[in-house]
Every structure is written in C-alpha cells, then in structure tokens.
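Shown below: final.cif, with mmCIF, C-alpha atoms.
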data_my_file
loop_
_atom_site.group_PDB
_atom_site.id
_atom_site.type_symbol
_atom_site.label_atom_id
_atom_site.label_comp_id
_atom_site.auth_asym_id
_atom_site.auth_seq_id
_atom_site.Cartn_x
_atom_site.Cartn_y
_atom_site.Cartn_z
ATOM 1 C CA MET S 13 0.000 0.000 0.000
ATOM 2 C CA TYR S 14 1.343 3.421 -0.980
ATOM 3 C CA ASN S 15 2.506 5.454 1.993
ATOM 4 C CA PRO S 16 4.746 8.529 1.499
ATOM 5 C CA PHE S 17 5.488 8.534 5.236
ATOM 6 C CA SER S 18 6.931 5.022 5.232
ATOM 7 C CA LEU S 19 10.447 4.531 6.598
ATOM 8 C CA GLU S 20 10.871 1.050 5.129
ATOM 9 C CA GLY S 21 14.489 0.430 4.168
ATOM 10 C CA LYS S 22 15.767 3.412 6.152
ATOM 11 C CA THR S 23 18.074 3.418 9.174
ATOM 12 C CA ILE S 24 17.411 6.234 11.630
ATOM 13 C CA LEU S 25 19.533 7.437 14.564
ATOM 14 C CA VAL S 26 17.602 8.879 17.524
ATOM 15 C CA THR S 27 19.443 10.577 20.386
ATOM 16 C CA GLY S 28 18.045 10.973 23.881
ATOM 17 C CA ALA S 29 15.968 7.862 23.228
ATOM 18 C CA SER S 30 15.753 6.652 26.818
ATOM 19 C CA SER S 31 12.557 8.594 27.561
ATOM 20 C CA GLY S 32 10.027 11.180 26.426
ATOM 21 C CA ILE S 33 10.086 12.467 22.861
ATOM 22 C CA GLY S 34 13.211 10.465 22.013
ATOM 23 C CA ARG S 35 11.662 7.172 23.114
ATOM 24 C CA ALA S 36 8.419 7.894 21.280
ATOM 25 C CA THR S 37 10.323 8.841 18.128
ATOM 26 C CA ALA S 38 12.322 5.618 18.169
ATOM 27 C CA VAL S 39 9.204 3.502 18.762
ATOM 28 C CA GLU S 40 7.178 5.248 16.054
ATOM 29 C CA CYS S 41 10.027 5.097 13.519
ATOM 30 C CA ALA S 42 10.280 1.338 14.081
ATOM 31 C CA LYS S 43 6.524 1.024 13.532
ATOM 32 C CA MET S 44 6.983 2.808 10.204
ATOM 33 C CA GLY S 45 9.502 0.176 9.132
ATOM 34 C CA ALA S 46 12.839 1.804 10.013
ATOM 35 C CA LYS S 47 15.819 0.130 11.572
ATOM 36 C CA VAL S 48 16.557 2.327 14.555
ATOM 37 C CA VAL S 49 19.802 3.202 16.285
ATOM 38 C CA ILE S 50 19.095 4.643 19.731
ATOM 39 C CA THR S 51 21.411 6.442 22.124
ATOM 40 C CA GLY S 52 21.049 7.578 25.709
ATOM 41 C CA ARG S 53 22.950 7.884 28.975
ATOM 42 C CA ASN S 54 20.737 5.680 31.134
ATOM 43 C CA ALA S 55 21.307 2.008 30.265
ATOM 44 C CA GLU S 56 18.189 0.701 32.026
ATOM 45 C CA ARG S 57 15.809 3.185 30.435
ATOM 46 C CA LEU S 58 17.446 2.791 27.030
ATOM 47 C CA GLN S 59 16.887 -0.961 27.263
ATOM 48 C CA GLU S 60 13.192 -0.296 27.967
ATOM 49 C CA THR S 61 13.005 1.694 24.754
ATOM 50 C CA PHE S 62 14.853 -1.029 22.864
ATOM 51 C CA ASP S 63 12.436 -3.669 24.141
ATOM 52 C CA ASN S 64 9.513 -1.677 22.725
ATOM 53 C CA LEU S 65 10.857 -1.438 19.185
ATOM 54 C CA GLU S 66 8.969 -3.407 16.545
ATOM 55 C CA GLY S 67 10.914 -5.371 13.958
ATOM 56 C CA ASP S 68 14.540 -6.467 13.826
ATOM 57 C CA GLY S 69 17.985 -5.007 13.197
ATOM 58 C CA HIS S 70 17.868 -2.256 15.809
ATOM 59 C CA THR S 71 20.921 -1.054 17.751
ATOM 60 C CA GLN S 72 21.434 0.692 21.087
ATOM 61 C CA ILE S 73 24.460 2.758 22.106
ATOM 62 C CA ILE S 74 24.901 3.880 25.703
ATOM 63 C CA ALA S 75 26.736 7.196 25.610
ATOM 64 C CA ASP S 76 26.893 10.741 26.946
ATOM 65 C CA LEU S 77 27.082 12.863 23.808
ATOM 66 C CA SER S 78 28.430 15.857 25.727
ATOM 67 C CA ASP S 79 31.652 13.879 26.252
ATOM 68 C CA LYS S 80 34.000 14.113 23.247
ATOM 69 C CA GLN S 81 35.255 10.511 23.472
ATOM 70 C CA GLN S 82 31.767 9.068 23.883
ATOM 71 C CA LEU S 83 30.571 11.198 20.987
ATOM 72 C CA GLN S 84 33.251 9.668 18.785
ATOM 73 C CA TYR S 85 32.376 6.208 20.121
ATOM 74 C CA THR S 86 28.749 6.755 19.117
ATOM 75 C CA VAL S 87 29.742 7.669 15.572
ATOM 76 C CA ASP S 88 32.074 4.671 15.356
ATOM 77 C CA GLN S 89 29.258 2.334 16.423
ATOM 78 C CA THR S 90 26.659 3.886 14.136
ATOM 79 C CA PRO S 91 26.074 2.222 10.758
ATOM 80 C CA THR S 92 25.372 4.219 7.614
ATOM 81 C CA ILE S 93 22.109 6.062 8.248
ATOM 82 C CA ASP S 94 19.357 7.741 6.266
ATOM 83 C CA GLY S 95 18.316 10.152 8.981
ATOM 84 C CA ILE S 96 18.943 11.443 12.468
ATOM 85 C CA VAL S 97 16.706 12.995 15.102
ATOM 86 C CA ASN S 98 18.826 15.160 17.386
ATOM 87 C CA ASN S 99 16.557 15.045 20.399
ATOM 88 C CA ALA S 100 18.837 14.779 23.462
ATOM 89 C CA GLY S 101 18.654 17.906 25.603
ATOM 90 C CA ILE S 102 18.050 19.355 29.037
ATOM 91 C CA GLY S 103 16.179 22.298 30.475
ATOM 92 C CA LYS S 104 17.045 24.459 33.449
ATOM 93 C CA THR S 105 14.900 27.296 34.787
ATOM 94 C CA LEU S 106 16.947 30.024 36.434
ATOM 95 C CA LEU S 107 16.562 33.788 36.622
ATOM 96 C CA PHE S 108 19.225 35.522 34.557
ATOM 97 C CA LYS S 109 20.832 37.337 37.498
ATOM 98 C CA PHE S 110 21.586 33.976 39.155
ATOM 99 C CA ILE S 111 23.123 32.292 36.104
ATOM 100 C CA ASP S 112 26.834 31.527 36.145
ATOM 101 C CA ARG S 113 29.103 30.364 33.343
ATOM 102 C CA GLU S 114 28.922 26.711 34.432
ATOM 103 C CA ASP S 115 25.117 26.715 34.074
ATOM 104 C CA PHE S 116 25.325 28.168 30.584
ATOM 105 C CA ASN S 117 28.145 25.861 29.546
ATOM 106 C CA GLU S 118 26.132 22.797 30.574
ATOM 107 C CA ILE S 119 23.028 23.854 28.646
ATOM 108 C CA MET S 120 24.940 24.826 25.514
ATOM 109 C CA GLN S 121 27.136 21.727 25.607
ATOM 110 C CA ILE S 122 24.187 19.325 25.717
ATOM 111 C CA ASN S 123 21.568 21.247 23.732
ATOM 112 C CA PHE S 124 23.753 22.801 21.033
ATOM 113 C CA PHE S 125 27.347 21.595 20.764
ATOM 114 C CA ALA S 126 26.634 17.873 21.194
ATOM 115 C CA PRO S 127 24.059 17.582 18.372
ATOM 116 C CA VAL S 128 26.008 19.935 16.116
ATOM 117 C CA PHE S 129 29.287 18.046 16.423
ATOM 118 C CA LEU S 130 27.527 14.673 16.246
ATOM 119 C CA THR S 131 26.055 15.747 12.911
ATOM 120 C CA GLN S 132 29.453 17.016 11.753
ATOM 121 C CA LEU S 133 31.175 13.733 12.602
ATOM 122 C CA LEU S 134 28.488 11.725 10.829
ATOM 123 C CA LEU S 135 29.058 13.839 7.729
ATOM 124 C CA LYS S 136 32.851 13.613 7.911
ATOM 125 C CA THR S 137 32.764 9.829 8.243
ATOM 126 C CA LYS S 138 30.161 9.562 5.473
ATOM 127 C CA LYS S 139 27.754 7.802 7.809
ATOM 128 C CA LEU S 140 25.019 10.190 6.667
ATOM 129 C CA GLN S 141 24.025 9.265 3.119
ATOM 130 C CA LYS S 142 22.867 11.465 0.261
ATOM 131 C CA ASP S 143 19.120 12.099 0.341
ATOM 132 C CA SER S 144 19.243 11.833 4.154
ATOM 133 C CA SER S 145 17.293 13.923 6.615
ATOM 134 C CA VAL S 146 18.609 15.708 9.717
ATOM 135 C CA VAL S 147 16.011 16.723 12.299
ATOM 136 C CA PHE S 148 16.587 18.821 15.415
ATOM 137 C CA ILE S 149 14.124 19.090 18.290
ATOM 138 C CA SER S 150 13.944 22.767 19.173
ATOM 139 C CA SER S 151 11.225 24.587 21.155
ATOM 140 C CA ILE S 152 8.655 27.372 20.951
ATOM 141 C CA SER S 153 10.602 28.956 23.829
ATOM 142 C CA THR S 154 12.692 30.746 21.193
ATOM 143 C CA PHE S 155 9.793 33.142 20.588
ATOM 144 C CA ALA S 156 7.192 32.300 23.267
ATOM 145 C CA VAL S 157 9.447 33.334 26.127
ATOM 146 C CA GLY S 158 9.100 32.458 29.791
ATOM 147 C CA VAL S 159 10.693 33.856 32.928
ATOM 148 C CA GLY S 160 13.839 31.927 33.818
ATOM 149 C CA ASP S 161 14.160 30.261 30.410
ATOM 150 C CA SER S 162 16.888 32.469 28.934
ATOM 151 C CA MET S 163 19.548 29.740 28.799
ATOM 152 C CA TYR S 164 17.245 27.131 27.316
ATOM 153 C CA ALA S 165 15.764 29.566 24.795
ATOM 154 C CA ALA S 166 19.243 30.699 23.755
ATOM 155 C CA SER S 167 20.412 27.119 23.182
ATOM 156 C CA LYS S 168 17.373 26.329 21.035
ATOM 157 C CA GLY S 169 17.592 29.641 19.181
ATOM 158 C CA ALA S 170 21.165 28.749 18.270
ATOM 159 C CA ILE S 171 19.900 25.457 16.837
ATOM 160 C CA ASN S 172 17.299 27.250 14.703
ATOM 161 C CA ALA S 173 19.870 29.593 13.166
ATOM 162 C CA PHE S 174 22.350 26.771 12.654
ATOM 163 C CA VAL S 175 19.783 24.627 10.830
ATOM 164 C CA LYS S 176 19.108 27.273 8.184
ATOM 165 C CA THR S 177 22.773 27.643 7.293
ATOM 166 C CA LEU S 178 23.416 23.898 7.325
ATOM 167 C CA ALA S 179 20.397 23.314 5.096
ATOM 168 C CA VAL S 180 21.954 25.526 2.414
ATOM 169 C CA GLU S 181 25.394 23.936 2.776
ATOM 170 C CA LEU S 182 24.070 20.378 2.439
ATOM 171 C CA ALA S 183 21.514 21.027 -0.301
ATOM 172 C CA LYS S 184 23.897 19.899 -3.061
ATOM 173 C CA GLN S 185 24.100 16.507 -1.343
ATOM 174 C CA ARG S 186 20.296 16.470 -1.150
ATOM 175 C CA ILE S 187 20.525 16.224 2.627
ATOM 176 C CA ARG S 188 17.593 18.017 4.213
ATOM 177 C CA VAL S 189 17.897 19.784 7.579
ATOM 178 C CA ASN S 190 14.832 20.876 9.552
ATOM 179 C CA TYR S 191 13.671 21.460 13.112
ATOM 180 C CA ILE S 192 10.550 20.952 15.206
ATOM 181 C CA GLN S 193 9.331 23.442 17.803
ATOM 182 C CA PRO S 194 7.058 21.716 20.316
ATOM 183 C CA GLY S 195 4.986 23.377 22.958
ATOM 184 C CA ILE S 196 4.711 21.714 26.367
ATOM 185 C CA VAL S 197 4.731 17.947 25.977
ATOM 186 C CA GLU S 198 3.806 15.477 28.706
ATOM 187 C CA THR S 199 7.119 13.835 29.569
ATOM 188 C CA HIS S 200 8.876 12.684 32.742
ATOM 189 C CA ILE S 201 9.231 16.334 33.852
ATOM 190 C CA PHE S 202 5.589 16.127 34.941
ATOM 191 C CA ASP S 203 6.594 13.534 37.538
ATOM 192 C CA SER S 204 9.556 15.495 38.876
ATOM 193 C CA GLY S 205 7.603 17.983 40.966
ATOM 194 C CA VAL S 206 9.309 20.907 39.206
ATOM 195 C CA ILE S 207 5.887 22.203 38.169
ATOM 196 C CA ASP S 208 3.019 21.854 40.642
ATOM 197 C CA ASP S 209 -0.400 20.557 39.592
ATOM 198 C CA GLU S 210 -2.134 23.914 39.978
ATOM 199 C CA GLN S 211 0.393 25.637 37.740
ATOM 200 C CA LEU S 212 0.082 22.858 35.161
ATOM 201 C CA LYS S 213 -3.706 23.168 35.026
ATOM 202 C CA GLU S 214 -3.474 26.940 34.656
ATOM 203 C CA THR S 215 -0.961 26.631 31.820
ATOM 204 C CA GLU S 216 -2.939 23.915 30.047
ATOM 205 C CA LEU S 217 -5.952 26.247 29.827
ATOM 206 C CA LYS S 218 -3.870 28.523 27.577
ATOM 207 C CA TYR S 219 -3.729 25.866 24.857
ATOM 208 C CA PRO S 220 -6.576 26.307 22.313
ATOM 209 C CA LEU S 221 -6.778 22.549 21.700
ATOM 210 C CA GLY S 222 -7.302 22.100 25.442
ATOM 211 C CA ARG S 223 -4.321 19.974 26.420
ATOM 212 C CA PHE S 224 -0.562 19.522 26.372
ATOM 213 C CA GLY S 225 1.092 17.467 23.652
ATOM 214 C CA GLN S 226 1.959 13.786 23.725
ATOM 215 C CA PRO S 227 5.485 12.592 22.863
ATOM 216 C CA LYS S 228 4.304 10.536 19.900
ATOM 217 C CA GLU S 229 2.712 13.631 18.343
ATOM 218 C CA ILE S 230 6.174 15.179 18.110
ATOM 219 C CA ALA S 231 7.480 11.843 16.850
ATOM 220 C CA HIS S 232 4.958 11.958 14.013
ATOM 221 C CA ALA S 233 6.262 15.386 13.012
ATOM 222 C CA ALA S 234 9.777 13.939 12.976
ATOM 223 C CA ILE S 235 8.581 11.081 10.757
ATOM 224 C CA TYR S 236 7.275 13.633 8.257
ATOM 225 C CA PHE S 237 10.750 15.174 8.022
ATOM 226 C CA LEU S 238 12.459 11.769 7.854
ATOM 227 C CA SER S 239 10.194 10.409 5.140
ATOM 228 C CA GLU S 240 9.868 10.992 1.410
ATOM 229 C CA ALA S 241 6.808 13.150 2.170
ATOM 230 C CA SER S 242 9.123 16.086 2.966
ATOM 231 C CA LYS S 243 11.580 15.551 0.136
ATOM 232 C CA TRP S 244 11.258 19.194 -0.988
ATOM 233 C CA THR S 245 11.406 20.722 2.493
ATOM 234 C CA THR S 246 14.607 21.991 4.085
ATOM 235 C CA GLY S 247 15.690 24.749 6.468
ATOM 236 C CA THR S 248 12.210 24.819 7.948
ATOM 237 C CA GLY S 249 10.849 24.925 11.495
ATOM 238 C CA LEU S 250 7.568 23.172 12.225
ATOM 239 C CA VAL S 251 5.597 24.437 15.227
ATOM 240 C CA VAL S 252 3.639 21.681 17.006
ATOM 241 C CA ASP S 253 2.043 23.378 19.999
ATOM 242 C CA GLY S 254 -1.712 22.829 20.113
ATOM 243 C CA GLY S 255 -2.247 26.414 18.968
ATOM 244 C CA PHE S 256 -0.509 27.972 21.989
ATOM 245 C CA THR S 257 1.464 30.557 20.003
ATOM 246 C CA LEU S 258 -1.640 31.738 18.140
ATOM 247 C CA LEU S 259 -2.818 33.677 21.168
#

Would you put the structure from the file into structure tokens?
Amino acid sequence: MYNPFSLEGKTILVTGASSGIGRATAVECAKMGAKVVITGRNAERLQETFDNLEGDGHTQIIADLSDKQQLQYTVDQTPTIDGIVNNAGIGKTLLFKFIDREDFNEIMQINFFAPVFLTQLLLKTKKLQKDSSVVFISSISTFAVGVGDSMYAASKGAINAFVKTLAVELAKQRIRVNYIQPGIVETHIFDSGVIDDEQLKETELKYPLGRFGQPKEIAHAAIYFLSEASKWTTGTGLVVDGGFTLL
C-alpha cells in the first residue's frame, strides 16, 4: 500500500531515546519500518526503549554525547544512516541574574554543541548518506518566552539559526535539515515535581486545543521530516504546539 510517510528500508539514529520524545520517536520510527539506532545515557531506560521497538535489526548505544570521546564512540558504532533525530537535551529554569558560566556551559554543551558536532562527525565519516534527513528538536521557547528560560531559549535559538545555514550547505548533497518546535509535551518532567499541579492546570488552559502534547505527536512530526513526504522541504521549522502561540 502506498505510503509517502513510510520509513521502510531506512536506518534512523535517535538521540536521547531513553525517555520522552526520544523514546516515542524511536518507537514510532520502528513502527513505520525503520531500523533504529538509539542512544542515551541511562542504560536501564534505554533498554526499555529497545524492548519496545517493533521489527529487527535495531541497535542501542549507551553514551553521553556531551563527552567528546563518547561522541566519537557513538559515531564509530553507528552504521550508515538515512536520517537522524537530534533530540537529546536538558532544560534548566533560572533567573538571569543567578546564572553563572557553568550553568550556561552545561546547557549549551548538551543542547547545542553535542548535536552539532555529532552531525558534523556523521558527515565527515560519510555515515550520513545522500538524500538523508537531519532533524533537530527545538522549542517554541525561542519566541514564546518564559521567565527563567533564557539559557534554554538561547540554546534552542542557536539550533534554529544553525539549521538554516546547514540546510543551504548540504543542499547539493540532497541532505535536508529541519527542526521541530514543540509546545509543552507530557514527559517525565511532569513527575519530577518541578511544576506543581495547579500551575500545570493553569498553563494547560492557555492551549486552544485544550491539552498539552503527547510525545508521539512530536514523533509523528519527525517522521514527516524523515520520510519521502518532505523531500522538498529543508531549512524549515515546524511548530507543534496545540495552537498555543496563536494567542
């Protein structure tokens, strides 16, 4: 049956696949027929993701991509791929006047430098084939700002600008580069106690579609960019936010 969103015959690398959006992306890509290479720092949680992948031929790599040696190890262990979803990242809410250089370095290292240099190494080693797709998970925080989110927003804003330049540079190789900007998605952060229930309910009311997003809804956006359905789309950001930024 014809399906332009199929990933049959493709091998896809997903970073930060041990939970949340990364896990959902890996699971959904496998359902669409891809062989999936997953990475993450937590071995136990990464194994849980691996156990939920449909089909055969999948690979898992336990690594901290903010570490230069482990980054190289990940590339060495990665087969030739047809796409990558740079999902691994962290958030940290802190008022600007309390930020120190170490805080900023940590955010930028994980959210910006790690995915950028991972992509560079994959290109240099020719692990990323022609007609491949590179997808970054960004955030609406780059323009829908929140108090205390300056570091996170800056790291994601850097990704957005980087994507546009890289898309032009790689166009001759027919490698597409795009990014997704989710609104609030229900992930493990909801269980951490960082945001109390009352605040969550108040924030959820601001979403025109009446709820926060689900990880697999962001995964489906990633599948669009990874598939032949987006073959003429590059340098583009896709907002997936339940209408939040319309208001």

Output of the PyMOL selection byres ((chain S and resi 193) around 7), listed as a PyMOL selection string: chain S and resi 149-152+191-192+194-195+249-252

Output file for the selection above: C-alpha atoms, as a tab-separated table (two decimals), in the frame of the given file:
chain	number	residue	atom	x	y	z
S	149	ILE	CA	14.12	19.09	18.29
S	150	SER	CA	13.94	22.77	19.17
S	151	SER	CA	11.22	24.59	21.16
S	152	ILE	CA	8.65	27.37	20.95
S	191	TYR	CA	13.67	21.46	13.11
S	192	ILE	CA	10.55	20.95	15.21
S	194	PRO	CA	7.06	21.72	20.32
S	195	GLY	CA	4.99	23.38	22.96
S	249	GLY	CA	10.85	24.92	11.50
S	250	LEU	CA	7.57	23.17	12.22
S	251	VAL	CA	5.60	24.44	15.23
S	252	VAL	CA	3.64	21.68	17.01

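Using only C-alpha atoms, the shortest contact distance between Leu221 in chain S and any of S:Lys184, S:Asn54, S:Leu259, S:Tyr236 is found at S:Leu259.
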
Matched chain/residue IDs from the PyMOL selection byres ((chain S and resi 79-90) around 9), as number ranges by chain: S: 25, 49, 51, 71, 73-78, 91-93, 126, 129-130, 133-134, 137, 139

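Across S:Lys213, S:Arg223, S:Lys218, S:Lys168, the tightest approach to Gly103 in chain S is made by S:Lys168 when counting all atoms listed in the file.
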
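For the atom pair formed by CA of Val147 in chain S and CA of Lys43 in chain S, the distance is 18.4 Å, given to one decimal.
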
Shortest interatomic distance to Glu114 in chain S - which of S:Leu212, S:Met163, S:Leu258, S:Ala241, counting all atoms listed in the file: S:Met163

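Counting only C-alpha atoms and comparing S:Pro16, S:Pro220, S:Gly28, S:Gly95, the residue that lies closest to Val48 in chain S is S:Gly95.
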
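A straight line drawn from CA of Asn117 in chain S to CA of Ala166 in chain S is 11.7 Å long.
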
Hits of the PyMOL selection byres ((chain S and resi 172-182) around 9) in this structure, as a PyMOL selection string: chain S and resi 128+147-148+150+154+168-171+183-191+246-249

Take the residues just selected and output them with C-alpha atoms as a PDB file, in the frame of the given file.
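What ended up in out_18.pdb:
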ATOM      1  CA  VAL S 128      26.008  19.935  16.116  1.00  0.00           C
ATOM      2  CA  VAL S 147      16.011  16.723  12.299  1.00  0.00           C
ATOM      3  CA  PHE S 148      16.587  18.821  15.415  1.00  0.00           C
ATOM      4  CA  SER S 150      13.944  22.767  19.173  1.00  0.00           C
ATOM      5  CA  THR S 154      12.692  30.746  21.193  1.00  0.00           C
ATOM      6  CA  LYS S 168      17.373  26.329  21.035  1.00  0.00           C
ATOM      7  CA  GLY S 169      17.592  29.641  19.181  1.00  0.00           C
ATOM      8  CA  ALA S 170      21.165  28.749  18.270  1.00  0.00           C
ATOM      9  CA  ILE S 171      19.900  25.457  16.837  1.00  0.00           C
ATOM     10  CA  ALA S 183      21.514  21.027  -0.301  1.00  0.00           C
ATOM     11  CA  LYS S 184      23.897  19.899  -3.061  1.00  0.00           C
ATOM     12  CA  GLN S 185      24.100  16.507  -1.343  1.00  0.00           C
ATOM     13  CA  ARG S 186      20.296  16.470  -1.150  1.00  0.00           C
ATOM     14  CA  ILE S 187      20.525  16.224   2.627  1.00  0.00           C
ATOM     15  CA  ARG S 188      17.593  18.017   4.213  1.00  0.00           C
ATOM     16  CA  VAL S 189      17.897  19.784   7.579  1.00  0.00           C
ATOM     17  CA  ASN S 190      14.832  20.876   9.552  1.00  0.00           C
ATOM     18  CA  TYR S 191      13.671  21.460  13.112  1.00  0.00           C
ATOM     19  CA  THR S 246      14.607  21.991   4.085  1.00  0.00           C
ATOM     20  CA  GLY S 247      15.690  24.749   6.468  1.00  0.00           C
ATOM     21  CA  THR S 248      12.210  24.819   7.948  1.00  0.00           C
ATOM     22  CA  GLY S 249      10.849  24.925  11.495  1.00  0.00           C
TER      23      GLY S 249
END

Pairwise distance for CA of Gly255 in chain S and CA of Tyr219 in chain S, rounded to one decimal in Å: 6.1 Å

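Each of S:Ala38, S:Leu135, S:Ile196, S:Leu238 was compared to Ser18 in chain S using all atoms listed in the file, and S:Leu238 turns out to be the nearest.
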